[in-house]
Amino acid sequence: MELGNNLKTAREESGKKVYDIEKATGIKHEQIYRWESNKNVPSIIQCIKLADFYGISLDELVGREFGHEDK
């Protein structure tokens, strides 16, 4: 699953710790770790919070690329 890897990469590239994200977004650090290890998937609302926190688009966060759709 790409989302967990994208979440971890976004966090690492931002230089933030999981506890920084928890403080800024209200999302528990345990939940963030579960997402990053692909044990759970965040809701769209949680994805929006994370994308806003990292300053990236939802597409970037979830690894969506335009023009690569199966036909």
# chains A, B, ... in the order shown; residues from 1 in each chain; ligands from 1
>>> residues_around(residues="Asn40 of chain A", least_positions_apart="6", cutoff="10 Å", atoms="only C-alpha atoms", output="mmCIF file with C-alpha atoms, in the first residue's frame")
data_model
loop_
_atom_site.group_PDB
_atom_site.id
_atom_site.type_symbol
_atom_site.label_atom_id
_atom_site.label_comp_id
_atom_site.auth_asym_id
_atom_site.auth_seq_id
_atom_site.Cartn_x
_atom_site.Cartn_y
_atom_site.Cartn_z
ATOM 1 C CA GLY A 4 1.425 4.494 4.479
ATOM 2 C CA GLN A 31 -2.896 6.384 14.911
ATOM 3 C CA ILE A 32 -0.240 8.009 12.744
ATOM 4 C CA TYR A 33 2.095 5.078 13.378
ATOM 5 C CA ARG A 34 -0.693 2.628 12.415
#
>>> residues_around(residues="Arg64 of chain A", least_positions_apart="5", cutoff="10 Å", atoms="only C-alpha atoms", output="PyMOL selection string")
chain A and resi 2-3+57-59+69
>>> select_by_dssp(residues="chain A", states="alpha helix (DSSP H)", output="PyMOL selection string")
chain A and resi 2-14+18-25+29-36+44-54+58-62
>>> residues_around(residues="Glu30 of chain A", least_positions_apart="2", cutoff="12 Å", atoms="only C-alpha atoms", output="list in words")
Val18, Tyr19, Ile21, Glu22, Gly26, Ile27, Lys28, Ile32, Tyr33, Arg34, Trp35, Glu36, Ser37, Lys39 and Asn40 of chain A
>>> residues_around(residues="Thr9 of chain A", least_positions_apart="3", cutoff="12 Å", atoms="only C-alpha atoms", output="PDB file with N, CA, C and O atoms, in the first residue's frame")
ATOM      1  N   GLU A   2       0.590   2.123  -0.878  1.00  0.00           N
ATOM      2  CA  GLU A   2       1.407   3.313  -1.058  1.00  0.00           C
ATOM      3  C   GLU A   2       1.130   4.404  -0.028  1.00  0.00           C
ATOM      4  O   GLU A   2       2.036   5.156   0.330  1.00  0.00           O
ATOM      5  N   LEU A   3      -0.086   4.503   0.476  1.00  0.00           N
ATOM      6  CA  LEU A   3      -0.454   5.603   1.359  1.00  0.00           C
ATOM      7  C   LEU A   3       0.415   5.643   2.613  1.00  0.00           C
ATOM      8  O   LEU A   3       0.924   6.701   2.983  1.00  0.00           O
ATOM      9  N   GLY A   4       0.602   4.518   3.272  1.00  0.00           N
ATOM     10  CA  GLY A   4       1.425   4.494   4.479  1.00  0.00           C
ATOM     11  C   GLY A   4       2.835   4.979   4.213  1.00  0.00           C
ATOM     12  O   GLY A   4       3.400   5.762   4.990  1.00  0.00           O
ATOM     13  N   ASN A   5       3.403   4.541   3.106  1.00  0.00           N
ATOM     14  CA  ASN A   5       4.750   4.981   2.728  1.00  0.00           C
ATOM     15  C   ASN A   5       4.773   6.482   2.445  1.00  0.00           C
ATOM     16  O   ASN A   5       5.715   7.176   2.826  1.00  0.00           O
ATOM     17  N   ASN A   6       3.735   6.973   1.773  1.00  0.00           N
ATOM     18  CA  ASN A   6       3.650   8.402   1.484  1.00  0.00           C
ATOM     19  C   ASN A   6       3.538   9.226   2.758  1.00  0.00           C
ATOM     20  O   ASN A   6       4.145  10.291   2.867  1.00  0.00           O
ATOM     21  N   GLU A  12       8.871  12.503   7.277  1.00  0.00           N
ATOM     22  CA  GLU A  12      10.334  12.553   7.335  1.00  0.00           C
ATOM     23  C   GLU A  12      10.882  13.754   6.564  1.00  0.00           C
ATOM     24  O   GLU A  12      11.804  14.419   7.031  1.00  0.00           O
ATOM     25  N   GLU A  13      10.301  14.031   5.398  1.00  0.00           N
ATOM     26  CA  GLU A  13      10.757  15.168   4.599  1.00  0.00           C
ATOM     27  C   GLU A  13      10.451  16.505   5.271  1.00  0.00           C
ATOM     28  O   GLU A  13      11.162  17.484   5.057  1.00  0.00           O
ATOM     29  N   SER A  14       9.387  16.538   6.084  1.00  0.00           N
ATOM     30  CA  SER A  14       9.039  17.770   6.794  1.00  0.00           C
ATOM     31  C   SER A  14       9.941  18.001   7.999  1.00  0.00           C
ATOM     32  O   SER A  14       9.981  19.104   8.541  1.00  0.00           O
ATOM     33  N   GLY A  15      10.654  16.948   8.415  1.00  0.00           N
ATOM     34  CA  GLY A  15      11.508  17.062   9.589  1.00  0.00           C
ATOM     35  C   GLY A  15      10.742  17.076  10.899  1.00  0.00           C
ATOM     36  O   GLY A  15      11.294  17.396  11.944  1.00  0.00           O
ATOM     37  N   LYS A  16       9.476  16.708  10.832  1.00  0.00           N
ATOM     38  CA  LYS A  16       8.623  16.717  12.026  1.00  0.00           C
ATOM     39  C   LYS A  16       8.585  15.350  12.682  1.00  0.00           C
ATOM     40  O   LYS A  16       8.730  14.323  12.034  1.00  0.00           O
ATOM     41  N   LYS A  17       8.385  15.366  13.971  1.00  0.00           N
ATOM     42  CA  LYS A  17       8.183  14.149  14.742  1.00  0.00           C
ATOM     43  C   LYS A  17       6.684  13.875  14.825  1.00  0.00           C
ATOM     44  O   LYS A  17       5.859  14.779  14.669  1.00  0.00           O
ATOM     45  N   GLU A  36       1.150   4.760   9.005  1.00  0.00           N
ATOM     46  CA  GLU A  36       2.453   4.664   8.353  1.00  0.00           C
ATOM     47  C   GLU A  36       2.890   3.210   8.166  1.00  0.00           C
ATOM     48  O   GLU A  36       3.647   2.916   7.250  1.00  0.00           O
ATOM     49  N   SER A  37       2.426   2.327   9.029  1.00  0.00           N
ATOM     50  CA  SER A  37       2.781   0.910   8.903  1.00  0.00           C
ATOM     51  C   SER A  37       1.700   0.126   8.150  1.00  0.00           C
ATOM     52  O   SER A  37       1.730  -1.100   8.127  1.00  0.00           O
ATOM     53  N   TYR A  54       1.395  19.259   6.124  1.00  0.00           N
ATOM     54  CA  TYR A  54       2.628  19.102   5.354  1.00  0.00           C
ATOM     55  C   TYR A  54       2.756  20.124   4.220  1.00  0.00           C
ATOM     56  O   TYR A  54       3.814  20.237   3.611  1.00  0.00           O
ATOM     57  N   GLU A  60      -0.828  14.428  -3.841  1.00  0.00           N
ATOM     58  CA  GLU A  60       0.547  14.093  -3.466  1.00  0.00           C
ATOM     59  C   GLU A  60       0.566  13.146  -2.273  1.00  0.00           C
ATOM     60  O   GLU A  60       1.344  12.188  -2.260  1.00  0.00           O
ATOM     61  N   LEU A  61      -0.270  13.421  -1.308  1.00  0.00           N
ATOM     62  CA  LEU A  61      -0.298  12.602  -0.100  1.00  0.00           C
ATOM     63  C   LEU A  61      -0.651  11.149  -0.397  1.00  0.00           C
ATOM     64  O   LEU A  61      -0.016  10.241   0.128  1.00  0.00           O
ATOM     65  N   VAL A  62      -1.621  10.947  -1.262  1.00  0.00           N
ATOM     66  CA  VAL A  62      -2.060   9.571  -1.539  1.00  0.00           C
ATOM     67  C   VAL A  62      -1.346   8.941  -2.731  1.00  0.00           C
ATOM     68  O   VAL A  62      -1.571   7.782  -3.055  1.00  0.00           O
ATOM     69  N   GLY A  63      -0.483   9.709  -3.392  1.00  0.00           N
ATOM     70  CA  GLY A  63       0.283   9.152  -4.502  1.00  0.00           C
ATOM     71  C   GLY A  63      -0.484   9.071  -5.806  1.00  0.00           C
ATOM     72  O   GLY A  63      -0.168   8.268  -6.669  1.00  0.00           O
TER      73      GLY A  63
END
>>> closest_residue(among="A:Ala10, A:Glu65, A:Phe53, A:Cys47", to="Thr25 of chain A", atoms="only C-alpha atoms")
A:Phe53
>>> decode(residues="segment 22-56 of chain A", atoms="N, CA, C and O atoms", output="mmCIF file, in the first residue's frame")
data_model
loop_
_atom_site.group_PDB
_atom_site.id
_atom_site.type_symbol
_atom_site.label_atom_id
_atom_site.label_comp_id
_atom_site.auth_asym_id
_atom_site.auth_seq_id
_atom_site.Cartn_x
_atom_site.Cartn_y
_atom_site.Cartn_z
ATOM 1 N N GLU A 22 0.787 15.345 16.134
ATOM 2 C CA GLU A 22 -0.307 15.170 17.092
ATOM 3 C C GLU A 22 -0.692 16.512 17.704
ATOM 4 O O GLU A 22 -1.884 16.851 17.779
ATOM 5 N N LYS A 23 0.289 17.286 18.113
ATOM 6 C CA LYS A 23 0.023 18.573 18.751
ATOM 7 C C LYS A 23 -0.664 19.541 17.781
ATOM 8 O O LYS A 23 -1.588 20.249 18.156
ATOM 9 N N ALA A 24 -0.229 19.547 16.529
ATOM 10 C CA ALA A 24 -0.768 20.492 15.552
ATOM 11 C C ALA A 24 -2.129 20.087 14.993
ATOM 12 O O ALA A 24 -2.934 20.951 14.657
ATOM 13 N N THR A 25 -2.375 18.780 14.876
ATOM 14 C CA THR A 25 -3.598 18.322 14.207
ATOM 15 C C THR A 25 -4.623 17.687 15.142
ATOM 16 O O THR A 25 -5.778 17.524 14.758
ATOM 17 N N GLY A 26 -4.187 17.268 16.313
ATOM 18 C CA GLY A 26 -5.084 16.554 17.219
ATOM 19 C C GLY A 26 -5.205 15.072 16.903
ATOM 20 O O GLY A 26 -5.957 14.346 17.557
ATOM 21 N N ILE A 27 -4.456 14.607 15.911
ATOM 22 C CA ILE A 27 -4.462 13.189 15.548
ATOM 23 C C ILE A 27 -3.464 12.469 16.447
ATOM 24 O O ILE A 27 -2.294 12.848 16.500
ATOM 25 N N LYS A 28 -3.912 11.458 17.134
ATOM 26 C CA LYS A 28 -3.061 10.734 18.080
ATOM 27 C C LYS A 28 -1.860 10.096 17.380
ATOM 28 O O LYS A 28 -1.980 9.556 16.280
ATOM 29 N N HIS A 29 -0.710 10.159 18.045
ATOM 30 C CA HIS A 29 0.515 9.621 17.446
ATOM 31 C C HIS A 29 0.423 8.122 17.187
ATOM 32 O O HIS A 29 0.965 7.628 16.201
ATOM 33 N N GLU A 30 -0.311 7.403 18.021
ATOM 34 C CA GLU A 30 -0.481 5.964 17.801
ATOM 35 C C GLU A 30 -1.182 5.694 16.467
ATOM 36 O O GLU A 30 -0.833 4.761 15.749
ATOM 37 N N GLN A 31 -2.158 6.540 16.161
ATOM 38 C CA GLN A 31 -2.896 6.384 14.911
ATOM 39 C C GLN A 31 -1.989 6.661 13.720
ATOM 40 O O GLN A 31 -2.033 5.950 12.719
ATOM 41 N N ILE A 32 -1.171 7.674 13.826
ATOM 42 C CA ILE A 32 -0.240 8.009 12.744
ATOM 43 C C ILE A 32 0.701 6.843 12.479
ATOM 44 O O ILE A 32 0.938 6.473 11.327
ATOM 45 N N TYR A 33 1.215 6.239 13.542
ATOM 46 C CA TYR A 33 2.095 5.078 13.378
ATOM 47 C C TYR A 33 1.358 3.919 12.702
ATOM 48 O O TYR A 33 1.935 3.224 11.863
ATOM 49 N N ARG A 34 0.093 3.700 13.060
ATOM 50 C CA ARG A 34 -0.693 2.628 12.415
ATOM 51 C C ARG A 34 -0.850 2.888 10.919
ATOM 52 O O ARG A 34 -0.756 1.972 10.111
ATOM 53 N N TRP A 35 -1.108 4.129 10.560
ATOM 54 C CA TRP A 35 -1.250 4.470 9.144
ATOM 55 C C TRP A 35 0.062 4.274 8.406
ATOM 56 O O TRP A 35 0.090 3.720 7.313
ATOM 57 N N GLU A 36 1.150 4.760 9.005
ATOM 58 C CA GLU A 36 2.453 4.664 8.353
ATOM 59 C C GLU A 36 2.890 3.210 8.166
ATOM 60 O O GLU A 36 3.647 2.916 7.250
ATOM 61 N N SER A 37 2.426 2.327 9.029
ATOM 62 C CA SER A 37 2.781 0.910 8.903
ATOM 63 C C SER A 37 1.700 0.126 8.150
ATOM 64 O O SER A 37 1.730 -1.100 8.127
ATOM 65 N N ASN A 38 0.761 0.841 7.552
ATOM 66 C CA ASN A 38 -0.301 0.245 6.727
ATOM 67 C C ASN A 38 -1.206 -0.714 7.489
ATOM 68 O O ASN A 38 -1.756 -1.637 6.906
ATOM 69 N N LYS A 39 -1.383 -0.472 8.780
ATOM 70 C CA LYS A 39 -2.312 -1.299 9.567
ATOM 71 C C LYS A 39 -3.729 -0.754 9.487
ATOM 72 O O LYS A 39 -4.685 -1.498 9.648
ATOM 73 N N ASN A 40 -3.867 0.530 9.251
ATOM 74 C CA ASN A 40 -5.152 1.211 9.092
ATOM 75 C C ASN A 40 -5.009 2.265 8.012
ATOM 76 O O ASN A 40 -3.896 2.609 7.614
ATOM 77 N N VAL A 41 -6.142 2.812 7.592
ATOM 78 C CA VAL A 41 -6.157 3.866 6.583
ATOM 79 C C VAL A 41 -6.881 5.080 7.167
ATOM 80 O O VAL A 41 -7.961 4.934 7.742
ATOM 81 N N PRO A 42 -6.315 6.272 7.006
ATOM 82 C CA PRO A 42 -6.983 7.466 7.536
ATOM 83 C C PRO A 42 -8.219 7.822 6.734
ATOM 84 O O PRO A 42 -8.325 7.498 5.546
ATOM 85 N N SER A 43 -9.139 8.511 7.387
ATOM 86 C CA SER A 43 -10.328 9.018 6.689
ATOM 87 C C SER A 43 -9.919 10.183 5.796
ATOM 88 O O SER A 43 -8.818 10.731 5.921
ATOM 89 N N ILE A 44 -10.816 10.597 4.929
ATOM 90 C CA ILE A 44 -10.536 11.734 4.058
ATOM 91 C C ILE A 44 -10.313 13.000 4.882
ATOM 92 O O ILE A 44 -9.439 13.812 4.562
ATOM 93 N N ILE A 45 -11.052 13.165 5.964
ATOM 94 C CA ILE A 45 -10.884 14.348 6.823
ATOM 95 C C ILE A 45 -9.487 14.353 7.444
ATOM 96 O O ILE A 45 -8.818 15.385 7.492
ATOM 97 N N GLN A 46 -9.037 13.187 7.889
ATOM 98 C CA GLN A 46 -7.703 13.092 8.466
ATOM 99 C C GLN A 46 -6.632 13.332 7.403
ATOM 100 O O GLN A 46 -5.617 13.973 7.672
ATOM 101 N N CYS A 47 -6.866 12.849 6.190
ATOM 102 C CA CYS A 47 -5.931 13.093 5.088
ATOM 103 C C CYS A 47 -5.831 14.584 4.782
ATOM 104 O O CYS A 47 -4.740 15.096 4.518
ATOM 105 N N ILE A 48 -6.949 15.278 4.814
ATOM 106 C CA ILE A 48 -6.951 16.721 4.574
ATOM 107 C C ILE A 48 -6.122 17.427 5.642
ATOM 108 O O ILE A 48 -5.305 18.294 5.331
ATOM 109 N N LYS A 49 -6.318 17.054 6.894
ATOM 110 C CA LYS A 49 -5.526 17.654 7.981
ATOM 111 C C LYS A 49 -4.039 17.434 7.762
ATOM 112 O O LYS A 49 -3.227 18.347 7.945
ATOM 113 N N LEU A 50 -3.674 16.217 7.383
ATOM 114 C CA LEU A 50 -2.264 15.902 7.180
ATOM 115 C C LEU A 50 -1.692 16.628 5.966
ATOM 116 O O LEU A 50 -0.581 17.171 6.028
ATOM 117 N N ALA A 51 -2.437 16.659 4.872
ATOM 118 C CA ALA A 51 -1.969 17.370 3.680
ATOM 119 C C ALA A 51 -1.773 18.850 3.993
ATOM 120 O O ALA A 51 -0.755 19.445 3.595
ATOM 121 N N ASP A 52 -2.710 19.438 4.711
ATOM 122 C CA ASP A 52 -2.578 20.843 5.113
ATOM 123 C C ASP A 52 -1.356 21.035 6.004
ATOM 124 O O ASP A 52 -0.599 21.989 5.841
ATOM 125 N N PHE A 53 -1.165 20.135 6.947
ATOM 126 C CA PHE A 53 -0.025 20.225 7.860
ATOM 127 C C PHE A 53 1.299 20.176 7.087
ATOM 128 O O PHE A 53 2.209 20.953 7.351
ATOM 129 N N TYR A 54 1.395 19.259 6.124
ATOM 130 C CA TYR A 54 2.628 19.102 5.354
ATOM 131 C C TYR A 54 2.756 20.124 4.220
ATOM 132 O O TYR A 54 3.814 20.237 3.611
ATOM 133 N N GLY A 55 1.672 20.828 3.909
ATOM 134 C CA GLY A 55 1.704 21.805 2.828
ATOM 135 C C GLY A 55 1.764 21.167 1.452
ATOM 136 O O GLY A 55 2.399 21.688 0.542
ATOM 137 N N ILE A 56 1.070 20.032 1.319
ATOM 138 C CA ILE A 56 1.018 19.324 0.040
ATOM 139 C C ILE A 56 -0.434 19.063 -0.334
ATOM 140 O O ILE A 56 -1.330 19.199 0.494
#
